[in-house]
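S.K.: Structure supplied as target-v6.txt; contents: compact mmCIF, C-alpha atoms.
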# COMPACT_ATOMS: atom_id res chain seq x y z
CA CYS A 1 7.00 -6.93 1.78
CA CYS A 2 4.89 -8.61 4.43
CA CYS A 3 1.19 -7.94 4.93
CA CYS A 4 1.87 -6.29 8.29
CA CYS A 5 4.12 -3.63 6.73
CA CYS A 6 1.64 -2.99 3.91
CA HIS A 7 -1.18 -2.74 6.41
CA GLN A 8 0.72 -0.19 8.48
CA LEU A 9 1.52 1.95 5.42
CA VAL A 10 -2.06 1.74 4.16
CA HIS A 11 -3.31 2.56 7.66
CA HIS A 12 -1.26 5.77 7.64
CA LEU A 13 -2.53 6.73 4.19
CA LEU A 14 -6.17 6.06 5.03
CA ILE A 15 -6.45 6.95 8.70
CA GLY A 16 -3.69 9.51 9.16
CA ASP A 17 -0.83 9.68 11.63
CA VAL A 18 -1.42 9.58 15.35
CA LEU A 19 0.99 12.11 16.82
CA GLY A 20 1.02 13.01 20.49
CA GLY A 21 -2.56 11.89 20.95
CA LYS A 22 -3.78 14.01 18.03
CA VAL A 23 -5.01 12.51 14.78
CA LYS A 24 -3.74 14.06 11.58
CA GLN A 25 -6.30 13.96 8.78
CA ALA A 26 -5.73 11.52 5.93
CA LEU A 27 -4.25 12.96 2.76
CA GLN A 28 -6.77 11.15 0.55
CA ALA A 29 -9.93 9.14 1.25
CA MET A 30 -10.11 6.04 -0.94
CA GLY A 31 -13.46 4.43 -0.20
CA PRO A 32 -14.45 1.27 1.66
CA HIS A 33 -13.11 -2.19 0.78
CA VAL A 34 -10.69 -1.02 -1.92
CA ALA A 35 -7.73 -2.85 -0.27
CA PRO A 36 -4.83 -0.65 -1.46
CA LEU A 37 -1.91 -3.10 -1.49
CA GLY A 38 0.63 -1.79 -3.99
CA LEU A 39 2.00 1.74 -3.63
CA ARG A 40 4.69 3.34 -5.78
CA PHE A 41 5.90 6.91 -6.23
CA TYR A 42 6.88 7.51 -9.86
CA ARG A 43 10.42 8.84 -10.35
CA TRP A 44 10.94 10.82 -13.56
CA SER A 45 14.26 11.16 -15.37
CA LYS A 46 15.10 12.62 -18.79
CA ASP A 47 16.85 9.32 -19.62
CA LEU A 48 13.72 7.16 -19.45
CA THR A 49 12.94 5.63 -22.83
CA ALA A 50 9.40 4.43 -22.04
CA GLY A 51 8.69 6.85 -19.23
CA PHE A 52 5.94 9.29 -18.53
CA PRO A 53 6.22 13.09 -18.89
CA LYS A 54 7.99 15.09 -16.17
CA SER A 55 4.60 16.22 -14.82
CA TRP A 56 4.11 12.64 -13.53
CA ASP A 57 7.19 12.85 -11.27
CA ARG A 58 6.29 11.93 -7.68
CA THR A 59 2.80 10.79 -8.62
CA LEU A 60 1.66 8.06 -6.26
CA PHE A 61 0.23 4.99 -7.95
CA ILE A 62 -2.12 2.97 -5.74
CA VAL A 63 -3.09 -0.58 -6.65
CA GLN A 64 -6.54 -1.30 -5.24
CA ARG A 65 -7.01 -5.05 -5.09
CA GLY A 66 -10.63 -4.76 -3.99
CA SER A 67 -12.72 -6.80 -1.61
CA TRP A 68 -13.70 -10.40 -2.22
CA ASN A 69 -16.85 -10.29 -0.08
CA ARG A 70 -18.55 -7.00 -0.87
CA LYS A 71 -22.04 -7.19 -2.41
CA GLN A 72 -21.22 -4.36 -4.86
CA PRO A 73 -17.55 -4.91 -5.83
CA ILE A 74 -15.17 -1.94 -5.68
CA GLY A 75 -11.48 -1.53 -6.39
CA GLN A 76 -9.65 -3.85 -8.78
CA ARG A 77 -7.98 -0.86 -10.41
CA VAL A 78 -4.92 1.36 -10.25
CA MET A 79 -5.41 4.95 -9.09
CA SER A 80 -3.05 7.89 -9.42
CA LEU A 81 -2.64 10.70 -6.91
CA ARG A 82 -0.51 13.80 -7.35
CA VAL A 83 1.31 14.86 -4.18
CA ASN A 84 3.02 18.23 -3.79
CA ALA A 85 6.36 17.38 -2.18
CA ALA A 86 6.69 20.76 -0.44
CA SER A 87 3.18 21.13 0.98
CA GLY A 88 1.91 17.54 1.12
CA VAL A 89 -1.27 18.70 -0.63
CA THR A 90 -2.82 16.05 -2.87
CA SER A 91 -4.73 16.55 -6.12
CA ASN A 92 -6.00 14.70 -9.17
CA TYR A 93 -7.01 11.44 -7.47
CA GLN A 94 -8.19 9.50 -10.51
CA THR A 95 -8.41 6.12 -12.16
CA PHE A 96 -5.19 5.26 -14.00
CA VAL A 97 -5.83 1.64 -15.13
CA THR A 98 -9.08 -0.27 -14.94
CA GLY A 99 -10.66 -3.28 -16.64
CA TRP A 100 -10.26 -6.15 -14.17
CA LEU A 101 -13.84 -5.70 -13.00
CA LYS A 102 -16.76 -5.29 -15.39
CA GLN A 103 -18.65 -2.02 -15.09
CA GLN A 104 -21.84 -2.41 -13.07
CA ALA A 105 -20.53 -5.71 -11.62
CA THR A 106 -22.71 -7.27 -8.93
CA ASP A 107 -20.25 -9.88 -7.61
CA GLN A 108 -16.68 -11.14 -7.98
CA SER A 109 -17.64 -13.61 -10.73
CA GLU A 110 -17.71 -10.58 -13.04
CA SER A 111 -13.97 -10.11 -12.55
CA TRP A 112 -11.13 -11.73 -14.49
CA GLY A 113 -8.31 -10.77 -12.15
CA ARG A 114 -7.20 -8.64 -9.20
CA PRO A 115 -4.16 -6.34 -9.33
CA ALA A 116 -1.75 -6.69 -6.41
CA ASP A 117 1.34 -4.49 -6.86
CA ILE A 118 3.07 -1.98 -9.13
CA GLU A 119 6.75 -1.35 -9.89
CA GLN A 120 8.66 1.08 -12.09
CA LEU A 121 11.14 -0.46 -14.52
CA PRO A 122 14.50 1.19 -15.34
CA ASP A 123 13.10 2.44 -18.68
CA GLY A 124 10.29 4.33 -16.86
CA SER A 125 7.46 1.97 -17.77
CA LEU A 126 5.28 0.49 -15.04
CA VAL A 127 4.44 -3.17 -14.44
CA ILE A 128 1.32 -4.28 -12.57
CA SER A 129 1.08 -7.77 -11.12
CA ASP A 130 -2.19 -9.68 -10.92
CA ASP A 131 -1.93 -12.60 -8.53
CA THR A 132 -5.38 -13.96 -9.37
CA SER A 133 -4.87 -14.39 -13.13
CA GLY A 134 -1.10 -14.89 -12.77
CA SER A 135 -0.39 -12.02 -15.16
CA ILE A 136 1.96 -9.06 -15.34
CA PHE A 137 0.91 -6.00 -17.33
CA ARG A 138 3.33 -3.38 -18.66
CA VAL A 139 2.20 0.25 -19.03
CA THR A 140 4.17 2.65 -21.23
CA TRP A 141 3.67 6.25 -22.30
CA GLU A 142 3.04 7.10 -25.96
CA GLY A 143 3.31 10.66 -27.13
CA ALA A 144 5.32 13.71 -26.08
CA ARG A 145 7.23 13.42 -22.82
CA GLY A 146 8.07 17.11 -22.47
Taking this structure as input, can you express it in the form of structure tokens?

M.R.:
Amino acid sequence: CCCCCCHQLVHHLLIGDVLGGKVKQALQAMGPHVAPLGLRFYRWSKDLTAGFPKSWDRTLFIVQRGSWNRKQPIGQRVMSLRVNAASGVTSNYQTFVTGWLKQQATDQSESWGRPADIEQLPDGSLVISDDTSGSIFRVTWEGARG
């Protein structure tokens, strides 16, 4: 997708919808300079061989590419956010995958890559692209899926 479309979707997630001159509050604040580029709702099915448990159905995965010019780097991780389909209420905003940026990093030289997008494969696993290191990472679930 083009940057314009991503920007518009991210704008709605971060800022909220402008409806009839009224601003609707954002569902989840994400912090400054996190640059959320990749967004994917997880779709659970009993037929997934490498999938996550049913409780992960409709979880929103947010790839935060991070800022290149921030003094104290932030982002460069994948976050997960549970969204109640009926009410739109969000919960459990937490780090899902991290490691591209060293803890306590003071600049971008302490980073070995920057995640850009996330997709769900037919088997239920997730793949995360990193356009800085030229890598693709696959994430699978181990353990009970019940």

S.K.: Mind pulling up the distance from atom CA of Thr59 of chain A to atom CA of Ala85 of chain A?

M.R.: 9.9 Å

S.K.: What's around Leu126 of chain A at 10 Å? Count only C-alpha atoms, leave out sequence neighbours fewer than 2 positions away in its own chain, and write the answer as a count of residues only.

M.R.: 19

S.K.: Which residues are near segment 65-72 of chain A? Cut-off 12 Å, all atoms listed in the file, ignore same chain within fewer than 3 positions. Put them as a PyMOL selection string.

M.R.: chain A and resi 30-39+62+75-79+98+100-111+113-118+128-132

S.K.: Could you take the residues named above and write them with C-alpha atoms, as a JSON list (two decimals), in the frame of the given file?

M.R.:
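Printed below is selection37.json as written:
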[["chain", "number", "residue", "atom", "x", "y", "z"],
["A", 30, "MET", "CA", -10.11, 6.04, -0.94],
["A", 31, "GLY", "CA", -13.46, 4.43, -0.20],
["A", 32, "PRO", "CA", -14.45, 1.27, 1.66],
["A", 33, "HIS", "CA", -13.11, -2.19, 0.78],
["A", 34, "VAL", "CA", -10.69, -1.02, -1.92],
["A", 35, "ALA", "CA", -7.73, -2.85, -0.27],
["A", 36, "PRO", "CA", -4.83, -0.65, -1.46],
["A", 37, "LEU", "CA", -1.91, -3.10, -1.49],
["A", 38, "GLY", "CA", 0.63, -1.79, -3.99],
["A", 39, "LEU", "CA", 2.00, 1.74, -3.63],
["A", 62, "ILE", "CA", -2.12, 2.97, -5.74],
["A", 75, "GLY", "CA", -11.48, -1.53, -6.39],
["A", 76, "GLN", "CA", -9.65, -3.85, -8.78],
["A", 77, "ARG", "CA", -7.98, -0.86, -10.41],
["A", 78, "VAL", "CA", -4.92, 1.36, -10.25],
["A", 79, "MET", "CA", -5.41, 4.95, -9.09],
["A", 98, "THR", "CA", -9.08, -0.27, -14.94],
["A", 100, "TRP", "CA", -10.26, -6.15, -14.17],
["A", 101, "LEU", "CA", -13.84, -5.70, -13.00],
["A", 102, "LYS", "CA", -16.76, -5.29, -15.39],
["A", 103, "GLN", "CA", -18.65, -2.02, -15.09],
["A", 104, "GLN", "CA", -21.84, -2.41, -13.07],
["A", 105, "ALA", "CA", -20.53, -5.71, -11.62],
["A", 106, "THR", "CA", -22.71, -7.27, -8.93],
["A", 107, "ASP", "CA", -20.25, -9.88, -7.61],
["A", 108, "GLN", "CA", -16.68, -11.14, -7.98],
["A", 109, "SER", "CA", -17.64, -13.61, -10.73],
["A", 110, "GLU", "CA", -17.71, -10.58, -13.04],
["A", 111, "SER", "CA", -13.97, -10.11, -12.55],
["A", 113, "GLY", "CA", -8.31, -10.77, -12.15],
["A", 114, "ARG", "CA", -7.20, -8.64, -9.20],
["A", 115, "PRO", "CA", -4.16, -6.34, -9.33],
["A", 116, "ALA", "CA", -1.75, -6.69, -6.41],
["A", 117, "ASP", "CA", 1.34, -4.49, -6.86],
["A", 118, "ILE", "CA", 3.07, -1.98, -9.13],
["A", 128, "ILE", "CA", 1.32, -4.28, -12.57],
["A", 129, "SER", "CA", 1.08, -7.77, -11.12],
["A", 130, "ASP", "CA", -2.19, -9.68, -10.92],
["A", 131, "ASP", "CA", -1.93, -12.60, -8.53],
["A", 132, "THR", "CA", -5.38, -13.96, -9.37]]

S.K.: Between atom CA of Ser91 of chain A and atom CA of Ala144 of chain A, measure the distance and give it in Å to one decimal.

M.R.: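 Distance reported for this atom pair: 22.5 Å.
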
S.K.: Distance atom CA of Asp57 of chain A-atom CA of Phe41 of chain A, one decimal place?

M.R.: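 Those two atoms sit 7.9 Å apart.
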
S.K.: Rank nothing, just name the residue among A:Phe96, A:Trp112, A:Trp44, A:Trp56 nearest to Val83 of chain A, using only C-alpha atoms.

M.R.: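 Nearest to Val83 of chain A: A:Trp56.
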
S.K.: Can you tell me, as JSON, numbers by chain, which residues sit within 10 Å of (-1.9, 15.1, -6.6) in the file's frame, using all atoms listed in the file?

M.R.: {"A": [27, 28, 56, 58, 59, 60, 80, 81, 82, 83, 84, 85, 88, 89, 90, 91, 92, 93, 94]}

S.K.: Selection from above, C-alpha atoms, as a short mmCIF file (atom, residue, chain, number, x, y, z; two decimals), in the frame of the given file, can you write it?

M.R.:
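So the final result, stored in again02.cif, reads:
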data_model
loop_
_atom_site.label_atom_id
_atom_site.label_comp_id
_atom_site.auth_asym_id
_atom_site.auth_seq_id
_atom_site.Cartn_x
_atom_site.Cartn_y
_atom_site.Cartn_z
CA LEU A 27 -4.25 12.96 2.76
CA GLN A 28 -6.77 11.15 0.55
CA TRP A 56 4.11 12.64 -13.53
CA ARG A 58 6.29 11.93 -7.68
CA THR A 59 2.80 10.79 -8.62
CA LEU A 60 1.66 8.06 -6.26
CA SER A 80 -3.05 7.89 -9.42
CA LEU A 81 -2.64 10.70 -6.91
CA ARG A 82 -0.51 13.80 -7.35
CA VAL A 83 1.31 14.86 -4.18
CA ASN A 84 3.02 18.23 -3.79
CA ALA A 85 6.36 17.38 -2.18
CA GLY A 88 1.91 17.54 1.12
CA VAL A 89 -1.27 18.70 -0.63
CA THR A 90 -2.82 16.05 -2.87
CA SER A 91 -4.73 16.55 -6.12
CA ASN A 92 -6.00 14.70 -9.17
CA TYR A 93 -7.01 11.44 -7.47
CA GLN A 94 -8.19 9.50 -10.51
#
